[in-house]
file input.txt (compact mmCIF, C-alpha atoms)
# COMPACT_ATOMS: atom_id res chain seq x y z
CA MET A 1 124.30 165.17 74.76
CA MET A 2 127.00 167.28 73.12
CA THR A 3 129.17 165.15 70.86
CA LYS A 4 132.94 165.31 71.26
CA ARG A 5 135.30 166.23 68.45
CA ILE A 6 138.58 164.62 67.39
CA ILE A 7 141.04 167.09 65.88
CA PRO A 8 144.38 166.06 64.34
CA CYS A 9 146.97 168.83 64.67
CA LEU A 10 149.54 169.86 62.09
CA ASP A 11 152.38 171.81 63.71
CA VAL A 12 154.11 173.39 60.71
CA LYS A 13 157.67 174.72 60.52
CA ASP A 14 159.62 175.50 57.33
CA GLY A 15 156.71 174.19 55.30
CA LYS A 16 156.68 170.73 56.92
CA VAL A 17 154.61 169.13 59.65
CA VAL A 18 156.82 168.57 62.69
CA LYS A 19 156.49 166.93 66.08
CA GLY A 20 158.63 167.50 69.14
CA VAL A 21 158.71 167.12 72.91
CA ASN A 22 157.95 170.10 75.17
CA PHE A 23 158.05 172.36 72.10
CA VAL A 24 161.65 171.37 71.11
CA ASN A 25 163.55 168.57 69.28
CA LEU A 26 161.30 168.76 66.23
CA LYS A 27 161.09 165.91 63.71
CA ASP A 28 159.78 166.11 60.14
CA MET A 29 156.45 164.29 59.83
CA GLY A 30 155.50 165.16 56.24
CA ASN A 31 153.63 167.51 53.93
CA PRO A 32 150.73 169.50 55.49
CA PRO A 33 148.21 169.16 52.61
CA ASP A 34 148.87 165.42 52.30
CA LEU A 35 148.41 164.74 56.01
CA ALA A 36 145.37 167.02 56.26
CA GLU A 37 143.69 165.21 53.37
CA GLU A 38 144.42 161.81 54.89
CA TYR A 39 143.04 162.76 58.31
CA SER A 40 139.98 164.30 56.70
CA LYS A 41 139.32 161.01 54.90
CA GLN A 42 139.74 159.13 58.19
CA GLY A 43 136.86 161.05 59.72
CA ALA A 44 138.52 163.98 61.52
CA ASP A 45 135.96 166.50 62.74
CA GLU A 46 138.36 169.38 62.15
CA ILE A 47 142.00 169.98 61.25
CA THR A 48 144.23 172.44 63.09
CA PHE A 49 147.16 173.98 61.19
CA LEU A 50 149.62 175.86 63.42
CA ASP A 51 152.58 177.72 61.92
CA ILE A 52 154.51 177.32 65.15
CA ALA A 53 157.51 179.53 64.31
CA ALA A 54 155.68 182.47 62.73
CA SER A 55 155.38 184.64 65.85
CA LEU A 56 158.88 183.81 67.05
CA GLU A 57 160.27 184.71 63.62
CA SER A 58 158.11 187.87 63.45
CA ARG A 59 156.44 186.89 60.19
CA LYS A 60 152.96 186.11 58.97
CA THR A 61 151.43 182.69 58.43
CA ILE A 62 152.39 180.89 55.20
CA LEU A 63 149.09 181.58 53.44
CA GLY A 64 149.96 179.74 50.24
CA LEU A 65 150.35 176.53 52.20
CA VAL A 66 147.13 177.24 54.09
CA GLU A 67 145.29 177.70 50.80
CA GLU A 68 146.67 174.46 49.38
CA THR A 69 145.69 172.60 52.56
CA ALA A 70 142.19 174.08 52.63
CA LYS A 71 141.52 172.93 49.07
CA ARG A 72 142.13 169.31 50.05
CA VAL A 73 139.99 168.98 53.17
CA PHE A 74 136.23 169.01 53.61
CA VAL A 75 136.09 169.64 57.35
CA PRO A 76 136.63 172.89 59.26
CA LEU A 77 140.23 174.14 59.20
CA THR A 78 141.65 176.19 62.05
CA VAL A 79 144.80 178.18 61.26
CA GLY A 80 147.16 179.84 63.73
CA GLY A 81 150.64 181.28 64.02
CA GLY A 82 151.74 184.79 63.07
CA ILE A 83 148.25 186.29 63.36
CA ARG A 84 148.88 189.80 64.72
CA THR A 85 146.05 191.93 63.35
CA VAL A 86 142.41 191.74 62.28
CA GLN A 87 143.67 192.00 58.70
CA ASP A 88 145.87 188.93 59.26
CA MET A 89 142.79 187.06 60.41
CA HIS A 90 140.88 188.25 57.35
CA ASP A 91 143.71 187.02 55.12
CA ALA A 92 143.74 183.58 56.78
CA LEU A 93 139.98 183.23 56.40
CA SER A 94 140.23 184.32 52.78
CA ALA A 95 142.89 181.64 52.22
CA GLY A 96 140.43 178.96 53.32
CA ALA A 97 140.52 178.86 57.11
CA ASP A 98 137.20 178.44 58.89
CA LYS A 99 138.59 179.56 62.26
CA VAL A 100 141.72 181.45 63.25
CA SER A 101 143.77 180.81 66.37
CA ILE A 102 145.53 183.70 68.10
CA ASN A 103 147.94 183.42 71.01
CA SER A 104 150.75 185.95 71.40
CA ALA A 105 148.84 188.78 69.72
CA ALA A 106 145.81 188.22 71.93
CA LEU A 107 147.93 188.71 75.03
CA ASN A 108 149.84 191.68 73.62
CA HIS A 109 146.72 193.38 72.28
CA PRO A 110 143.59 191.85 73.85
CA GLU A 111 141.35 194.15 71.82
CA ILE A 112 142.10 192.01 68.75
CA ILE A 113 139.82 189.34 70.22
CA THR A 114 136.85 191.70 70.40
CA GLU A 115 137.57 193.34 67.04
CA SER A 116 137.89 189.97 65.33
CA ALA A 117 134.73 188.60 66.93
CA GLU A 118 132.81 191.70 65.82
CA SER A 119 134.23 191.48 62.28
CA PHE A 120 133.91 187.74 61.61
CA GLY A 121 131.76 186.28 64.39
CA ARG A 122 133.09 184.82 67.61
CA GLN A 123 132.78 181.29 66.19
CA CYS A 124 135.82 182.12 64.03
CA VAL A 125 137.97 183.28 66.95
CA VAL A 126 140.02 180.65 68.80
CA VAL A 127 142.30 181.85 71.59
CA ALA A 128 145.23 179.48 72.05
CA ILE A 129 146.68 179.17 75.53
CA ASP A 130 150.06 177.50 76.08
CA ALA A 131 150.19 176.83 79.82
CA LYS A 132 152.91 175.51 82.08
CA ARG A 133 152.85 174.64 85.77
CA VAL A 134 154.71 177.25 87.82
CA ASP A 135 154.65 176.67 91.59
CA ASP A 136 150.97 176.37 92.57
CA HIS A 137 149.34 177.62 89.36
CA TRP A 138 149.49 177.42 85.56
CA GLU A 139 151.16 180.26 83.74
CA VAL A 140 150.64 181.40 80.15
CA PHE A 141 153.59 181.36 77.74
CA THR A 142 153.84 183.01 74.32
CA TYR A 143 155.97 183.00 71.15
CA GLY A 144 155.99 179.26 70.70
CA GLY A 145 156.34 178.62 74.42
CA THR A 146 159.55 180.64 74.74
CA ARG A 147 158.35 183.62 76.79
CA SER A 148 156.74 183.62 80.20
CA THR A 149 153.98 186.17 80.73
CA GLY A 150 153.38 185.81 84.45
CA ILE A 151 149.65 185.59 83.66
CA ASP A 152 147.48 182.94 85.30
CA ALA A 153 146.02 180.58 82.68
CA LEU A 154 142.58 180.32 84.30
CA GLU A 155 142.23 184.09 84.61
CA TRP A 156 143.31 184.58 81.01
CA ALA A 157 140.89 181.95 79.70
CA LYS A 158 137.99 183.71 81.42
CA LYS A 159 139.10 187.11 80.17
CA ALA A 160 139.45 185.79 76.62
CA GLU A 161 135.88 184.50 76.78
CA ASP A 162 134.64 187.85 78.09
CA LEU A 163 136.44 189.66 75.25
CA GLY A 164 134.72 187.55 72.60
CA ALA A 165 136.64 184.32 72.06
CA GLY A 166 134.48 181.53 70.69
CA GLU A 167 136.77 178.71 71.73
CA ILE A 168 139.90 177.98 73.76
CA LEU A 169 142.72 175.79 72.45
CA LEU A 170 144.48 174.73 75.65
CA THR A 171 147.94 173.18 75.38
CA SER A 172 149.84 171.82 78.35
CA MET A 173 153.50 172.58 77.73
CA ASP A 174 154.45 170.10 80.45
CA ARG A 175 152.75 167.28 78.56
CA ASP A 176 153.48 168.32 74.97
CA GLY A 177 154.85 165.35 73.02
CA VAL A 178 155.63 163.21 76.09
CA LYS A 179 152.70 160.84 75.38
CA THR A 180 151.76 160.31 79.04
CA GLY A 181 148.24 161.70 78.72
CA TYR A 182 146.59 165.09 78.82
CA ASP A 183 147.05 167.32 81.86
CA ILE A 184 143.74 166.46 83.48
CA PRO A 185 143.92 168.95 86.39
CA LEU A 186 144.76 171.88 84.06
CA THR A 187 142.17 170.86 81.48
CA ALA A 188 139.45 170.34 84.05
CA ALA A 189 140.19 173.67 85.73
CA VAL A 190 140.03 175.69 82.51
CA SER A 191 137.00 173.90 81.05
CA ASP A 192 135.13 174.47 84.32
CA GLU A 193 136.13 178.15 84.33
CA VAL A 194 134.61 179.07 80.96
CA SER A 195 131.34 178.36 79.17
CA ILE A 196 132.78 178.30 75.63
CA PRO A 197 134.21 175.09 74.13
CA VAL A 198 137.71 174.05 75.21
CA ILE A 199 140.02 171.87 73.11
CA ALA A 200 142.46 169.72 75.11
CA SER A 201 145.99 169.55 73.70
CA GLY A 202 149.34 168.16 74.78
CA GLY A 203 150.26 164.67 75.92
CA CYS A 204 148.13 162.25 73.95
CA GLY A 205 150.03 159.00 73.46
CA LYS A 206 147.25 156.46 72.98
CA MET A 207 143.49 156.19 72.52
CA GLU A 208 142.94 155.70 76.25
CA HIS A 209 144.23 159.22 76.89
CA ILE A 210 141.47 160.69 74.71
CA TYR A 211 138.88 158.67 76.61
CA ASP A 212 140.34 159.87 79.92
CA VAL A 213 140.16 163.56 79.05
CA PHE A 214 136.56 163.25 77.85
CA ALA A 215 135.52 161.14 80.84
CA GLN A 216 137.22 163.32 83.48
CA THR A 217 136.78 166.87 82.17
CA ASN A 218 134.22 169.03 80.38
CA VAL A 219 136.29 169.62 77.23
CA SER A 220 134.49 169.66 73.91
CA ALA A 221 137.33 168.30 71.79
CA ALA A 222 140.65 166.51 71.94
CA LEU A 223 143.54 167.54 69.74
CA ALA A 224 146.22 164.96 68.98
CA ALA A 225 149.24 164.64 66.72
CA SER A 226 151.69 161.86 67.55
CA ILE A 227 149.20 158.98 67.53
CA PHE A 228 148.13 159.93 64.02
CA HIS A 229 151.49 160.99 62.59
CA TYR A 230 153.13 157.73 63.74
CA ASN A 231 150.20 155.64 62.49
CA GLN A 232 149.37 154.22 65.90
CA CYS A 233 145.70 154.48 65.00
CA THR A 234 143.33 156.23 62.64
CA VAL A 235 140.76 158.84 63.56
CA GLY A 236 138.06 156.29 62.78
CA GLU A 237 139.57 153.77 65.16
CA VAL A 238 139.66 156.37 67.93
CA LYS A 239 135.98 157.17 67.38
CA GLU A 240 134.97 153.50 67.48
CA TYR A 241 136.98 153.04 70.68
CA LEU A 242 135.22 155.99 72.29
CA LYS A 243 131.75 154.91 71.13
CA ASP A 244 132.30 151.47 72.63
CA ARG A 245 132.98 153.18 75.97
CA GLY A 246 129.95 155.42 75.96
CA ILE A 247 131.50 158.65 74.70
CA ALA A 248 129.30 160.42 72.15
CA VAL A 249 131.38 161.41 69.13
CA ARG A 250 130.45 162.83 65.75
call {"tool": "encode", "arguments": {"input": "input.txt", "output": "structure tokens"}}
result
Amino acid sequence: MMTKRIIPCLDVKDGKVVKGVNFVNLKDMGNPPDLAEEYSKQGADEITFLDIAASLESRKTILGLVEETAKRVFVPLTVGGGIRTVQDMHDALSAGADKVSINSAALNHPEIITESAESFGRQCVVVAIDAKRVDDHWEVFTYGGTRSTGIDALEWAKKAEDLGAGEILLTSMDRDGVKTGYDIPLTAAVSDEVSIPVIASGGCGKMEHIYDVFAQTNVSAALAASIFHYNQCTVGEVKEYLKDRGIAVR
């Protein structure tokens, strides 16, 4: 049985970890290296570091902060935000990232997925999809959730896999920060559409929500922020909760 992963997320803006609701109303949660180190000690399987304003501000990821964070964790670190070229991905990996997440650039220039997979291995390439319900389907948004693409999320996930993505980071914009649980229909649809691992993101407000997404969908990992930033529980407590309910975790 494939074990499930628990991944704390650090959304970073202006050098600080922030948390908002539906991608807005951001609150300062603390220093990225400090939080990453704490979650690593708690038993996180990976850490995700997303420079959420980089693409919107047309700048590159803050690599100095990535490097400082990488030095303080001993689990895989995924870095995203502002990655526009294969060279940007190389720079992020050189700064200490184990994987690199691309979103806006992948949609604008899909060939970057293939080129990056060929250069670094597809296990390093994470395609992030920010999806929102529009009428009877889910649509992909870019630039920190500010721009609609008109592209169907399921179709894009499959295309990203075909182009060489090693993993999908799927965020429900409708559920982001509202703490009512992951978007199960969206998550199930995407994880059934592709054969590569899918990380569920957006909406986790308590441990039960992580159990629900693992029990009801085929996702490989659950990403969460609020429950850890607000000290509702530790990563270790989440894992014990899941083990007690028959979910295989690392």
call {"tool": "residues_near_point", "arguments": {"input": "input.txt", "point": "(137.0, 171.5, 82.1)", "cutoff": "6 Å", "atoms": "only C-alpha atoms", "output": "PyMOL selection string"}}
result
chain A and resi 187-192+217-219
call {"tool": "residues_near_point", "arguments": {"input": "input.txt", "point": "(153.0, 173.4, 61.1)", "cutoff": "6 Å", "atoms": "only C-alpha atoms", "output": "VMD selection string"}}
result
chain A and resid 10 to 13 17 49 to 52
call {"tool": "write_last_selection", "arguments": {"input": "input.txt", "atoms": "C-alpha atoms", "output": "short mmCIF file (atom, residue, chain, number, x, y, z; two decimals), keeping the file's coordinate frame"}}
result
data_model
loop_
_atom_site.label_atom_id
_atom_site.label_comp_id
_atom_site.auth_asym_id
_atom_site.auth_seq_id
_atom_site.Cartn_x
_atom_site.Cartn_y
_atom_site.Cartn_z
CA LEU A 10 149.54 169.86 62.09
CA ASP A 11 152.38 171.81 63.71
CA VAL A 12 154.11 173.39 60.71
CA LYS A 13 157.67 174.72 60.52
CA VAL A 17 154.61 169.13 59.65
CA PHE A 49 147.16 173.98 61.19
CA LEU A 50 149.62 175.86 63.42
CA ASP A 51 152.58 177.72 61.92
CA ILE A 52 154.51 177.32 65.15
#
call {"tool": "closest_residue", "arguments": {"input": "input.txt", "among": "A:Asn108, A:Asn231, A:Gln123, A:Asn103", "to": "Thr171 in chain A", "atoms": "all atoms listed in the file"}}
result
A:Asn103
call {"tool": "residues_around", "arguments": {"input": "input.txt", "residues": "Ile62 in chain A", "least_positions_apart": "3", "cutoff": "8 Å", "atoms": "only C-alpha atoms", "output": "list of chain:residue names"}}
result
A:Gly15, A:Asp51, A:Leu65, A:Val66
call {"tool": "write_last_selection", "arguments": {"input": "input.txt", "atoms": "C-alpha atoms", "output": "CSV table (one decimal), in the frame of the given file"}}
result
chain,number,residue,atom,x,y,z
A,15,GLY,CA,156.7,174.2,55.3
A,51,ASP,CA,152.6,177.7,61.9
A,65,LEU,CA,150.4,176.5,52.2
A,66,VAL,CA,147.1,177.2,54.1
call {"tool": "residues_around", "arguments": {"input": "input.txt", "residues": "Glu37 in chain A", "least_positions_apart": "5", "cutoff": "12 Å", "atoms": "only C-alpha atoms", "output": "JSON, numbers by chain"}}
result
{"A": [8, 10, 31, 32, 42, 43, 44, 46, 47, 68, 69, 70, 71, 72, 73, 74, 75, 76, 77]}
call {"tool": "atom_distance", "arguments": {"input": "input.txt", "atom1": "CA of Ile227 in chain A", "atom2": "CA of Lys206 in chain A"}}
result
6.3 Å
call {"tool": "residues_around", "arguments": {"input": "input.txt", "residues": "Tyr241 in chain A", "least_positions_apart": "3", "cutoff": "12 Å", "atoms": "all atoms listed in the file", "output": "list of chain:residue names"}}
result
A:Lys206, A:Met207, A:Glu208, A:His209, A:Ile210, A:Tyr211, A:Asp212, A:Cys233, A:Thr234, A:Val235, A:Gly236, A:Glu237, A:Val238, A:Asp244, A:Arg245, A:Gly246, A:Ile247, A:Ala248, A:Val249
call {"tool": "closest_residue", "arguments": {"input": "input.txt", "among": "A:Thr48, A:Asp136, A:Ile196, A:Met2", "to": "Leu163 in chain A", "atoms": "only C-alpha atoms"}}
result
A:Ile196
call {"tool": "closest_residue", "arguments": {"input": "input.txt", "among": "A:Gly205, A:Tyr182, A:Val127, A:Leu107", "to": "Arg147 in chain A", "atoms": "all atoms listed in the file"}}
result
A:Leu107
